[in-house]
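Here is query06.csv, consisting of CSV, C-alpha atoms:
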```
chain,number,residue,atom,x,y,z
M,27,MET,CA,-3.6,-76.7,-56.5
M,28,LYS,CA,-7.1,-75.5,-55.9
M,29,THR,CA,-7.9,-71.8,-55.7
M,30,PHE,CA,-10.8,-70.4,-53.7
M,31,VAL,CA,-12.5,-67.4,-55.2
M,32,PHE,CA,-14.3,-65.1,-52.6
M,33,SER,CA,-16.6,-62.1,-53.0
M,34,VAL,CA,-16.2,-59.5,-50.2
M,35,LYS,CA,-18.9,-56.9,-49.6
M,36,SER,CA,-19.7,-54.3,-47.0
M,37,PRO,CA,-23.2,-53.9,-45.5
M,38,LYS,CA,-22.4,-50.3,-44.8
M,39,VAL,CA,-21.2,-49.2,-48.2
M,40,GLU,CA,-23.1,-49.8,-51.4
M,41,ASP,CA,-21.4,-50.6,-54.7
M,42,PHE,CA,-18.3,-51.9,-52.9
M,43,GLU,CA,-16.9,-55.3,-53.7
M,44,ILE,CA,-13.6,-57.1,-53.8
M,45,ILE,CA,-13.1,-60.4,-55.7
M,46,ILE,CA,-10.1,-62.2,-54.3
M,47,GLU,CA,-8.5,-65.6,-55.2
M,48,ILE,CA,-6.4,-67.5,-52.6
M,49,LEU,CA,-4.8,-70.9,-52.7
M,50,ALA,CA,-6.3,-73.8,-50.6
M,51,ASN,CA,-3.0,-74.3,-48.7
M,52,GLN,CA,-2.6,-70.6,-47.8
M,53,THR,CA,-3.7,-69.4,-44.3
M,54,PHE,CA,-6.4,-67.1,-43.1
M,55,GLU,CA,-3.5,-64.8,-42.1
M,56,ASP,CA,-2.6,-64.5,-45.8
M,57,PHE,CA,-6.2,-63.8,-46.5
M,58,PHE,CA,-6.3,-61.2,-43.8
M,59,ASN,CA,-3.2,-59.3,-45.0
M,60,SER,CA,-4.5,-59.3,-48.6
M,61,LEU,CA,-7.9,-58.1,-47.6
M,62,LYS,CA,-6.5,-55.4,-45.2
M,63,GLN,CA,-4.4,-53.9,-48.0
M,64,ALA,CA,-7.2,-54.1,-50.6
M,65,ILE,CA,-9.7,-52.4,-48.3
M,66,GLY,CA,-7.2,-49.7,-47.1
M,67,PHE,CA,-6.5,-50.6,-43.5
M,68,ASN,CA,-3.0,-49.8,-42.3
M,69,ASP,CA,-2.7,-51.2,-38.8
M,70,ASN,CA,-3.0,-54.8,-37.4
M,71,GLU,CA,-6.0,-54.2,-35.3
M,72,LEU,CA,-7.7,-57.1,-33.5
M,73,SER,CA,-9.7,-59.0,-36.2
M,74,SER,CA,-11.6,-62.2,-36.7
M,75,PHE,CA,-13.1,-64.4,-39.4
M,76,TYR,CA,-16.3,-66.2,-38.6
M,77,LEU,CA,-17.4,-69.3,-40.4
M,78,CYS,CA,-21.2,-68.9,-40.8
M,79,ASN,CA,-24.2,-70.9,-41.8
M,80,SER,CA,-26.4,-70.1,-44.8
M,81,VAL,CA,-28.1,-67.2,-43.0
M,82,TRP,CA,-24.8,-65.6,-41.8
M,83,LYS,CA,-25.0,-66.9,-38.2
M,84,PRO,CA,-21.4,-67.3,-36.9
M,85,LEU,CA,-20.4,-70.8,-36.0
M,86,LYS,CA,-16.6,-70.8,-35.6
M,87,GLU,CA,-14.2,-67.9,-35.0
M,88,ILE,CA,-10.8,-67.6,-36.5
M,89,VAL,CA,-8.8,-64.9,-34.7
M,90,LEU,CA,-5.7,-62.9,-35.5
M,91,ILE,CA,-4.2,-63.3,-32.0
M,92,ASP,CA,-4.9,-66.1,-29.5
M,93,MET,CA,-6.5,-64.4,-26.5
M,94,GLY,CA,-7.2,-67.7,-24.7
M,95,GLN,CA,-10.8,-67.0,-24.1
M,96,GLU,CA,-12.0,-70.6,-24.2
M,97,ASN,CA,-10.5,-73.6,-22.3
M,98,ASN,CA,-12.1,-76.5,-24.2
M,99,ASP,CA,-10.9,-77.4,-27.7
M,100,GLU,CA,-14.4,-77.4,-29.1
M,101,ASP,CA,-15.2,-73.8,-28.3
M,102,LYS,CA,-11.6,-72.5,-28.6
M,103,ALA,CA,-11.1,-70.1,-31.5
M,104,LEU,CA,-8.8,-71.0,-34.3
M,105,ILE,CA,-5.7,-68.9,-35.1
M,106,MET,CA,-5.3,-67.3,-38.5
M,107,SER,CA,-1.7,-68.1,-38.9
M,108,LYS,CA,-2.3,-71.8,-38.1
M,109,THR,CA,-5.5,-72.3,-40.1
M,110,LYS,CA,-5.5,-73.0,-43.8
M,111,ILE,CA,-8.2,-72.1,-46.3
M,112,ASN,CA,-8.9,-75.7,-47.1
M,113,ILE,CA,-10.8,-76.2,-43.9
M,114,ILE,CA,-13.7,-74.9,-45.9
M,115,GLU,CA,-15.8,-77.7,-47.2
M,116,ASP,CA,-19.1,-76.0,-48.2
M,117,PRO,CA,-18.8,-74.8,-51.9
M,118,HIS,CA,-21.0,-71.8,-50.9
M,119,GLN,CA,-19.4,-71.1,-47.6
M,120,LYS,CA,-20.3,-67.8,-46.0
M,121,LEU,CA,-17.9,-65.9,-43.7
M,122,LEU,CA,-18.0,-62.7,-41.6
M,123,PHE,CA,-14.9,-60.6,-41.4
M,124,VAL,CA,-14.6,-58.1,-38.5
M,125,TYR,CA,-11.7,-55.6,-38.5
M,126,ASP,CA,-11.0,-53.6,-35.3
M,127,TYR,CA,-13.4,-54.7,-32.5
M,128,LEU,CA,-13.9,-51.1,-31.4
M,129,LYS,CA,-14.8,-49.6,-34.8
M,130,ASN,CA,-16.4,-52.8,-35.9
M,131,HIS,CA,-15.8,-52.8,-39.6
M,132,GLU,CA,-17.8,-55.8,-40.9
M,133,PHE,CA,-17.6,-57.5,-44.3
M,134,ASN,CA,-19.7,-60.3,-45.7
M,135,ILE,CA,-17.6,-62.9,-47.5
M,136,GLU,CA,-18.9,-65.7,-49.7
M,137,LEU,CA,-17.2,-68.4,-51.6
M,138,ILE,CA,-18.3,-68.1,-55.2
M,139,LYS,CA,-16.0,-70.5,-57.0
M,140,ILE,CA,-13.3,-73.2,-56.6
M,141,LYS,CA,-11.0,-73.6,-59.6
M,142,ASP,CA,-7.4,-74.7,-60.5
M,143,SER,CA,-4.6,-72.2,-59.8
M,144,GLU,CA,-2.5,-70.6,-62.5
M,145,PRO,CA,1.3,-70.8,-62.1
M,146,THR,CA,1.8,-67.3,-63.4
M,147,ILE,CA,-0.3,-65.6,-60.7
M,148,LYS,CA,0.9,-64.7,-57.3
M,149,TYR,CA,-1.7,-65.5,-54.6
M,150,PRO,CA,-3.6,-64.1,-52.8
M,151,HIS,CA,-4.7,-62.3,-56.0
M,152,ILE,CA,-7.1,-59.4,-56.2
M,153,VAL,CA,-9.1,-60.0,-59.3
M,154,LYS,CA,-11.5,-57.0,-59.1
M,155,LYS,CA,-12.2,-54.1,-56.8
M,156,ILE,CA,-15.3,-52.0,-57.1
M,157,GLY,CA,-15.7,-48.8,-55.2
M,158,LYS,CA,-13.8,-47.4,-52.2
M,159,TYR,CA,-14.5,-48.3,-48.6
M,160,MET,CA,-12.4,-46.0,-46.5
M,161,GLU,CA,-13.3,-42.7,-48.2
M,162,THR,CA,-17.0,-43.4,-47.9
M,163,ILE,CA,-17.0,-44.1,-44.1
M,164,THR,CA,-17.9,-41.0,-42.1
M,165,PRO,CA,-16.7,-41.1,-38.5
M,166,PRO,CA,-19.4,-40.6,-35.9
M,167,ILE,CA,-19.7,-37.1,-34.5
M,168,PRO,CA,-18.8,-37.0,-30.8
M,169,SER,CA,-21.8,-36.6,-28.6
M,170,SER,CA,-20.2,-33.6,-26.8
M,171,ILE,CA,-20.1,-31.6,-30.0
M,172,LEU,CA,-23.8,-32.4,-30.7
M,173,ILE,CA,-24.8,-31.3,-27.2
M,174,ASN,CA,-22.8,-28.1,-27.4
M,175,GLU,CA,-24.4,-27.3,-30.8
M,176,GLN,CA,-27.9,-28.0,-29.3
M,177,ILE,CA,-27.2,-25.7,-26.3
M,178,ALA,CA,-25.9,-22.9,-28.7
M,179,GLU,CA,-29.1,-23.1,-30.7
M,180,GLU,CA,-31.4,-23.1,-27.6
M,181,THR,CA,-29.5,-20.3,-25.8
M,182,PRO,CA,-30.2,-16.8,-27.0
M,183,ASP,CA,-27.3,-14.4,-27.8
M,184,GLU,CA,-26.6,-12.1,-24.8
M,185,ASP,CA,-25.8,-9.2,-27.1
M,186,GLU,CA,-29.2,-9.6,-28.8
M,187,ASP,CA,-30.9,-9.6,-25.4
M,188,GLU,CA,-29.1,-6.4,-24.4
M,189,ASN,CA,-30.1,-4.7,-27.7
M,190,GLU,CA,-33.7,-5.7,-27.3
M,191,GLU,CA,-33.7,-4.2,-23.7
M,192,MET,CA,-32.3,-0.9,-24.9
M,193,ILE,CA,-34.9,-0.7,-27.7
M,194,GLU,CA,-37.7,-1.3,-25.1
M,195,VAL,CA,-36.3,1.5,-22.9
M,196,ILE,CA,-36.2,3.9,-25.8
M,197,ASP,CA,-39.7,3.0,-26.8
M,198,GLU,CA,-41.0,3.6,-23.3
M,199,SER,CA,-39.4,7.0,-23.1
M,200,THR,CA,-40.7,7.9,-26.5
M,201,ASN,CA,-44.2,6.9,-25.6
M,202,GLU,CA,-44.2,9.3,-22.6
M,203,VAL,CA,-44.0,12.3,-24.9
M,204,ASP,CA,-47.4,13.7,-26.0
M,205,VAL,CA,-47.1,14.3,-29.7
M,206,ASN,CA,-50.1,16.7,-29.5
M,207,GLU,CA,-48.6,18.9,-26.8
M,208,ASP,CA,-48.2,22.5,-27.8
M,209,ILE,CA,-44.6,23.7,-27.9
M,210,VAL,CA,-44.2,27.4,-26.8
M,211,SER,CA,-42.3,29.4,-29.3
M,212,LYS,CA,-39.8,32.1,-28.4
M,213,GLU,CA,-42.2,34.8,-29.7
M,214,ASP,CA,-45.0,33.5,-27.5
M,215,GLU,CA,-42.7,33.4,-24.5
M,216,MET,CA,-41.5,37.0,-25.1
M,217,GLU,CA,-45.1,38.2,-25.4
M,218,GLU,CA,-46.1,36.5,-22.2
M,219,HIS,CA,-43.3,38.1,-20.3
M,220,PHE,CA,-44.2,41.6,-21.8
M,221,TYR,CA,-47.7,41.4,-20.4
M,222,GLU,CA,-46.4,40.2,-17.1
M,223,ASP,CA,-44.1,43.2,-16.8
M,224,MET,CA,-47.0,45.6,-17.7
M,225,ALA,CA,-49.1,44.1,-15.0
M,226,ASP,CA,-46.4,44.7,-12.4
M,227,MET,CA,-46.1,48.4,-13.1
M,228,ASP,CA,-47.6,50.8,-10.5
M,229,PHE,CA,-50.1,53.3,-11.6
M,230,ASP,CA,-51.5,56.2,-9.5
M,231,GLU,CA,-55.3,55.8,-9.4
M,232,ASN,CA,-55.8,59.4,-8.4
M,233,GLU,CA,-53.7,60.8,-11.2
M,234,GLU,CA,-55.9,62.9,-13.5
M,235,GLU,CA,-55.7,62.7,-17.1
M,236,ARG,CA,-53.7,65.5,-18.6
M,237,PRO,CA,-55.7,67.5,-21.1
M,238,ILE,CA,-54.4,67.3,-24.5
M,239,ASP,CA,-52.9,70.5,-25.8
M,240,ASP,CA,-53.4,71.5,-29.3
M,241,ASP,CA,-49.6,71.6,-29.6
M,242,ASP,CA,-49.5,68.0,-28.9
M,243,ILE,CA,-51.6,67.3,-31.9
M,244,LEU,CA,-49.4,66.8,-34.9
M,245,ILE,CA,-50.9,67.7,-38.1
```
Would it be possible to restate this file's structure as C-alpha cells?
Amino acid sequence: MKTFVFSVKSPKVEDFEIIIEILANQTFEDFFNSLKQAIGFNDNELSSFYLCNSVWKPLKEIVLIDMGQENNDEDKALIMSKTKINIIEDPHQKLLFVYDYLKNHEFNIELIKIKDSEPTIKYPHIVKKIGKYMETITPPIPSSILINEQIAEETPDEDEDENEEMIEVIDESTNEVDVNEDIVSKEDEMEEHFYEDMADMDFDENEEERPIDDDDILI
C-alpha cells in the first residue's frame, strides 16, 4: 500500500509545521481528524480541503458536510468521508485546508513524498510536529473595546477639570491682594485713636493760663 507524506504549514504562524503520513486508501475525513488533533482543534467546525494548482489557486473543494451548494456534478463539492486520498495524481499536489469558516484558520498542505507503507505503523501517522499553533494565535480585540479605550484617552478626567478650576479661582483671589499694601499694626491703630480723642476734647479759648507758683516747681 502506498503512503502519502504531506507537509502542513500555517501562513499565520512562523516555525510551525506538521509532517503527516496517510494511506492512499484512507479518506480525507481520516486526514481531517488527524490534522485537527495534531493542530489542537477540539470541535468539528465546518471545514474544507481545496485541491490547488501550482500557485495555490483552489480548483476543487472537498467538504466535511454536504451543504448541497451546487447542482451539477462538475461543480459539486466532494465529501471528505467519501473521497479517498488516492484521487491525488500530482506528485507535488498542493492543498489548502480551511478550518472554521468564521475564524478562517488556513493551512498550506503540500505532498512531499509517496512511499510504501509500513505494517507496524498505524495511519494516519504524525511523523513530526514543529511549534505550536493554538498558543500563538491571538484573538482579535473587539472593536467596542478599542473604541471605549480611545474615548477614555480623548476625554479628560472630570476630577482633574474640577481641581484645575479650583486652582484658577484661588490664583485669582490671591492676585487681587496687593503684596505692597501697608498693614496697620495694633500700635499704630491705638496711636491714631489717641489723637482722635484729643482732637474731640473741648478747650475754653478764654481760659487764661494759670501762673506757675513756686510751690509747683519741684526741686
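Excluding Ile152 (chain M) itself and same-chain residues fewer than 6 positions from it, the residues having an atom within 8 Å of it are M:Ile44, M:Ile45, M:Ile46, M:Glu47, M:Ala64, counting only C-alpha atoms.
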> Between CA of Leu122 (chain M) and CA of Gln52 (chain M), what is the spacing in Å?
Replying inline: 18.4 Å
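Around Leu90 (chain M), within 8 Å and counting only C-alpha atoms, the residues found are Glu55, Leu72, Ser73, Ser74, Ile105, Met106 and Ser107 of chain M, once anything fewer than 4 positions away on its own chain is removed.
Closest approach to Ile135 (chain M) among M:Ala50, M:Leu61, M:Ile147, M:Met27: M:Leu61, based on only C-alpha atoms.
Straight-line separation from CA of Lys129 (chain M) to CA of Ser60 (chain M): 19.8 Å.
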